[in-house]
$ cat structure-v7.tsv   # TSV, C-alpha atoms
chain	number	residue	atom	x	y	z
A	1	MET	CA	-42.83	55.10	17.06
A	2	LYS	CA	-46.28	53.59	16.56
A	3	ILE	CA	-47.98	57.02	16.62
A	4	ALA	CA	-45.53	58.37	14.01
A	5	GLU	CA	-46.22	55.29	11.86
A	6	LEU	CA	-50.00	55.74	12.14
A	7	LEU	CA	-49.70	59.43	11.23
A	8	THR	CA	-47.61	58.50	8.17
A	9	ARG	CA	-50.35	56.09	7.05
A	10	ARG	CA	-52.74	59.06	7.09
A	11	GLY	CA	-50.36	61.13	4.99
A	12	VAL	CA	-48.92	63.23	7.84
A	13	GLU	CA	-45.12	63.02	7.89
A	14	VAL	CA	-43.85	63.79	11.41
A	15	PRO	CA	-40.44	62.71	12.72
A	16	ALA	CA	-40.67	60.22	15.58
A	17	ARG	CA	-38.62	62.50	17.84
A	18	THR	CA	-41.14	65.34	17.33
A	19	VAL	CA	-43.96	63.00	18.36
A	20	GLN	CA	-41.98	61.95	21.44
A	21	ARG	CA	-41.38	65.59	22.46
A	22	TYR	CA	-45.08	66.38	21.97
A	23	ILE	CA	-46.14	63.42	24.13
A	24	ALA	CA	-43.64	64.41	26.84
A	25	GLU	CA	-45.01	67.96	26.80
A	26	VAL	CA	-48.65	66.87	27.00
A	27	LEU	CA	-48.19	64.07	29.52
A	28	GLY	CA	-45.48	65.79	31.53
A	29	ARG	CA	-43.22	62.76	31.71
A	30	ARG	CA	-41.53	60.10	29.63
A	31	ARG	CA	-42.02	56.37	29.81
A	32	GLY	CA	-40.26	54.87	32.81
A	33	ARG	CA	-39.85	58.26	34.53
A	34	GLY	CA	-43.15	58.36	36.41
A	35	PRO	CA	-43.93	57.33	39.95
A	36	THR	CA	-43.80	53.64	40.72
A	37	VAL	CA	-46.55	51.68	42.38
A	38	PRO	CA	-45.42	50.04	45.61
A	39	VAL	CA	-46.00	46.30	45.65
A	40	ALA	CA	-46.63	44.57	48.95
A	41	ASP	CA	-44.33	41.57	48.73
A	42	GLY	CA	-45.49	38.64	50.80
A	43	GLU	CA	-43.29	36.37	52.80
A	44	PRO	CA	-41.23	33.54	51.32
A	45	GLY	CA	-43.44	30.51	50.66
A	46	ASP	CA	-46.63	32.55	50.89
A	47	GLU	CA	-47.89	32.94	47.29
A	48	LEU	CA	-47.37	31.03	44.06
A	49	GLN	CA	-48.77	32.16	40.69
A	50	VAL	CA	-49.64	29.53	38.08
A	51	ASP	CA	-50.67	29.90	34.44
A	52	PHE	CA	-50.56	28.01	31.15
A	53	GLY	CA	-48.55	29.13	28.13
A	54	ARG	CA	-48.59	27.52	24.70
A	55	MET	CA	-45.08	26.39	23.74
A	56	GLY	CA	-45.67	25.13	20.20
A	57	PHE	CA	-45.50	21.72	18.57
A	58	ILE	CA	-43.33	18.71	19.39
A	59	ALA	CA	-43.14	15.32	17.70
A	60	ASP	CA	-45.00	12.59	19.60
A	61	PRO	CA	-42.95	9.36	19.32
A	62	VAL	CA	-46.06	7.21	19.96
A	63	THR	CA	-48.27	8.62	17.18
A	64	GLY	CA	-45.55	10.07	14.95
A	65	ARG	CA	-47.52	13.34	14.69
A	66	ASN	CA	-46.74	16.80	15.97
A	67	ARG	CA	-48.70	17.71	19.10
A	68	VAL	CA	-49.22	21.00	20.91
A	69	VAL	CA	-47.20	21.36	24.10
A	70	HIS	CA	-48.36	23.62	26.92
A	71	ALA	CA	-46.22	24.88	29.79
A	72	LEU	CA	-47.77	25.17	33.23
A	73	ILE	CA	-45.62	27.93	34.71
A	74	PHE	CA	-45.32	28.30	38.49
A	75	THR	CA	-43.77	31.54	39.78
A	76	ALA	CA	-43.02	32.18	43.45
A	77	CYS	CA	-44.20	35.73	44.18
A	78	PHE	CA	-41.47	36.58	46.69
A	79	SER	CA	-38.36	35.15	45.02
A	80	ARG	CA	-39.68	35.02	41.41
A	81	HIS	CA	-38.23	31.49	41.12
A	82	CYS	CA	-40.02	29.55	38.40
A	83	PHE	CA	-40.88	25.94	37.73
A	84	VAL	CA	-42.25	24.78	34.36
A	85	TRP	CA	-44.31	21.62	33.86
A	86	LEU	CA	-44.84	20.53	30.24
A	87	THR	CA	-48.04	18.79	29.19
A	88	HIS	CA	-50.07	18.05	26.05
A	89	ARG	CA	-53.42	18.85	27.72
A	90	GLN	CA	-54.88	21.49	30.01
A	91	THR	CA	-57.03	19.28	32.21
A	92	THR	CA	-57.58	19.38	35.96
A	93	ALA	CA	-55.57	16.16	36.31
A	94	ASP	CA	-52.66	17.73	34.42
A	95	VAL	CA	-52.75	20.84	36.64
A	96	ILE	CA	-52.77	18.64	39.76
A	97	ALA	CA	-49.82	16.60	38.43
A	98	GLY	CA	-47.98	19.86	37.70
A	99	CYS	CA	-48.73	21.17	41.21
A	100	GLU	CA	-47.38	18.00	42.80
A	101	ALA	CA	-44.20	18.28	40.72
A	102	ALA	CA	-43.90	21.97	41.70
A	103	TRP	CA	-44.25	21.11	45.40
A	104	ARG	CA	-41.37	18.65	45.03
A	105	PHE	CA	-39.29	21.25	43.15
A	106	PHE	CA	-39.92	24.03	45.69
A	107	GLY	CA	-39.58	21.68	48.68
A	108	GLY	CA	-43.07	22.28	50.05
A	109	VAL	CA	-46.57	23.63	49.47
A	110	PHE	CA	-47.24	27.37	49.22
A	111	ARG	CA	-49.86	28.89	51.49
A	112	THR	CA	-51.70	30.60	48.60
A	113	LEU	CA	-52.03	29.45	44.98
A	114	ILE	CA	-53.01	32.13	42.44
A	115	PRO	CA	-54.32	30.24	39.37
A	116	ASP	CA	-54.91	33.20	36.96
A	117	ASN	CA	-58.30	31.87	35.78
A	118	LEU	CA	-57.09	28.54	34.43
A	119	SER	CA	-60.16	26.85	32.93
A	120	ALA	CA	-59.06	23.55	34.49
A	121	VAL	CA	-59.13	25.19	37.94
A	122	VAL	CA	-61.63	28.06	37.79
A	123	ASP	CA	-65.22	27.36	36.71
A	124	ALA	CA	-66.33	31.01	36.83
A	125	ALA	CA	-63.81	33.83	36.67
A	126	ASP	CA	-64.39	36.87	38.86
A	127	PRO	CA	-61.90	39.48	40.11
A	128	LEU	CA	-63.10	39.17	43.71
A	129	GLU	CA	-64.91	35.83	44.06
A	130	PRO	CA	-63.91	33.23	41.46
A	131	ARG	CA	-65.69	29.86	41.60
A	132	PHE	CA	-63.14	27.04	41.73
A	133	ASN	CA	-63.49	23.60	40.16
A	134	GLN	CA	-64.53	21.22	42.95
A	135	ALA	CA	-62.25	18.42	41.71
A	136	PHE	CA	-59.26	20.76	41.96
A	137	VAL	CA	-60.25	22.04	45.39
A	138	GLU	CA	-60.48	18.50	46.76

$ encode --input "structure-v7.tsv" --output "structure tokens"
Amino acid sequence: MKIAELLTRRGVEVPARTVQRYIAEVLGRRRGRGPTVPVADGEPGDELQVDFGRMGFIADPVTGRNRVVHALIFTACFSRHCFVWLTHRQTTADVIAGCEAAWRFFGGVFRTLIPDNLSAVVDAADPLEPRFNQAFVE
């Protein structure tokens, strides 16, 4: 649909279905019909992914102003169960508090934590050798 829209902007009127047939002919397959990539699932309790997401604004009863709320989202890699910890800041202390709440929720500590380059946890991002914040590591 996007390709047909971009062509229309340039003055070329082509039905979306014609664009889809052309793409299928050139690429040899349609979206969702290609080979899948096997994922090596770990064992239960092995890996936990964690990342921040911005939720929006919420009224702060103390100040009477709207404040940004962030969600620290923990997702168990094996079961895909999630735990969400809400916070107003993205500090190392907030991540640690969220982790402790997640451990209580999941009933234990995961062997591996995958922090997805959280600035409160990772000082220097790198795909193979990230440098972790020493306060978080301790």

$ atom_distance --input "structure-v7.tsv" --atom1 "atom CA of A:Ala97" --atom2 "atom CA of A:Leu128"
26.7 Å

$ closest_residue --input "structure-v7.tsv" --among "A:Phe78, A:Trp85, A:Phe57, A:Phe136" --to "A:Leu118" --atoms "only C-alpha atoms"
A:Phe136

$ residues_around --input "structure-v7.tsv" --residues "A:Gln134" --least-positions-apart "6" --cutoff "12 Å" --atoms "only C-alpha atoms" --output "ChimeraX atom specification"
/A:92,120-124

$ atom_distance --input "structure-v7.tsv" --atom1 "atom CA of A:Phe132" --atom2 "atom CA of A:Leu72"
17.7 Å

$ atom_distance --input "structure-v7.tsv" --atom1 "atom CA of A:Asp51" --atom2 "atom CA of A:Val84"
9.9 Å

$ closest_residue --input "structure-v7.tsv" --among "A:Gly28, A:Pro115, A:Pro127, A:Gly108" --to "A:Gly45" --atoms "all atoms listed in the file"
A:Gly108

$ residues_near_point --input "structure-v7.tsv" --point "(-42.4, 35.6, 38.8)" --cutoff "12 Å" --atoms "only C-alpha atoms" --output "PDB file with C-alpha atoms, keeping the file's coordinate frame"
ATOM      1  CA  ASP A  41     -44.330  41.570  48.730  1.00  0.00           C
ATOM      2  CA  GLU A  47     -47.890  32.940  47.290  1.00  0.00           C
ATOM      3  CA  LEU A  48     -47.370  31.030  44.060  1.00  0.00           C
ATOM      4  CA  GLN A  49     -48.770  32.160  40.690  1.00  0.00           C
ATOM      5  CA  VAL A  50     -49.640  29.530  38.080  1.00  0.00           C
ATOM      6  CA  ASP A  51     -50.670  29.900  34.440  1.00  0.00           C
ATOM      7  CA  ILE A  73     -45.620  27.930  34.710  1.00  0.00           C
ATOM      8  CA  PHE A  74     -45.320  28.300  38.490  1.00  0.00           C
ATOM      9  CA  THR A  75     -43.770  31.540  39.780  1.00  0.00           C
ATOM     10  CA  ALA A  76     -43.020  32.180  43.450  1.00  0.00           C
ATOM     11  CA  CYS A  77     -44.200  35.730  44.180  1.00  0.00           C
ATOM     12  CA  PHE A  78     -41.470  36.580  46.690  1.00  0.00           C
ATOM     13  CA  SER A  79     -38.360  35.150  45.020  1.00  0.00           C
ATOM     14  CA  ARG A  80     -39.680  35.020  41.410  1.00  0.00           C
ATOM     15  CA  HIS A  81     -38.230  31.490  41.120  1.00  0.00           C
ATOM     16  CA  CYS A  82     -40.020  29.550  38.400  1.00  0.00           C
ATOM     17  CA  PHE A  83     -40.880  25.940  37.730  1.00  0.00           C
ATOM     18  CA  VAL A  84     -42.250  24.780  34.360  1.00  0.00           C
ATOM     19  CA  ILE A 114     -53.010  32.130  42.440  1.00  0.00           C
TER      20      ILE A 114
END

$ residues_around --input "structure-v7.tsv" --residues "A:Thr87" --least-positions-apart "4" --cutoff "7 Å" --atoms "only C-alpha atoms" --output "list in words"
Val69, His70 and Ala71 of chain A

$ axis_aligned_box --input "structure-v7.tsv" --around "stretch 86-96 of chain A" --padding-each-side "3 Å" --output "lines of an AutoDock Vina configuration file"
center_x = -51.2
center_y = 18.8
center_z = 32.9
size_x = 18.7
size_y = 11.3
size_z = 19.7

$ residues_around --input "structure-v7.tsv" --residues "A:Val19" --least-positions-apart "4" --cutoff "10 Å" --atoms "all atoms listed in the file" --output "number ranges by chain"
A: 1-4, 7, 14-15, 23-25

$ write_last_selection --input "structure-v7.tsv" --atoms "C-alpha atoms" --output "mmCIF file, keeping the file's coordinate frame"
data_model
loop_
_atom_site.group_PDB
_atom_site.id
_atom_site.type_symbol
_atom_site.label_atom_id
_atom_site.label_comp_id
_atom_site.auth_asym_id
_atom_site.auth_seq_id
_atom_site.Cartn_x
_atom_site.Cartn_y
_atom_site.Cartn_z
ATOM 1 C CA MET A 1 -42.830 55.100 17.060
ATOM 2 C CA LYS A 2 -46.280 53.590 16.560
ATOM 3 C CA ILE A 3 -47.980 57.020 16.620
ATOM 4 C CA ALA A 4 -45.530 58.370 14.010
ATOM 5 C CA LEU A 7 -49.700 59.430 11.230
ATOM 6 C CA VAL A 14 -43.850 63.790 11.410
ATOM 7 C CA PRO A 15 -40.440 62.710 12.720
ATOM 8 C CA ILE A 23 -46.140 63.420 24.130
ATOM 9 C CA ALA A 24 -43.640 64.410 26.840
ATOM 10 C CA GLU A 25 -45.010 67.960 26.800
#

$ closest_residue --input "structure-v7.tsv" --among "A:Asn133, A:Thr8, A:Gln20, A:Thr112" --to "A:Val95" --atoms "only C-alpha atoms"
A:Asn133

$ closest_residue --input "structure-v7.tsv" --among "A:His88, A:Arg54, A:Arg21, A:Arg9" --to "A:Arg67" --atoms "only C-alpha atoms"
A:His88

$ closest_residue --input "structure-v7.tsv" --among "A:Val12, A:Pro130, A:Tyr22, A:Cys99" --to "A:Asp116" --atoms "all atoms listed in the file"
A:Pro130
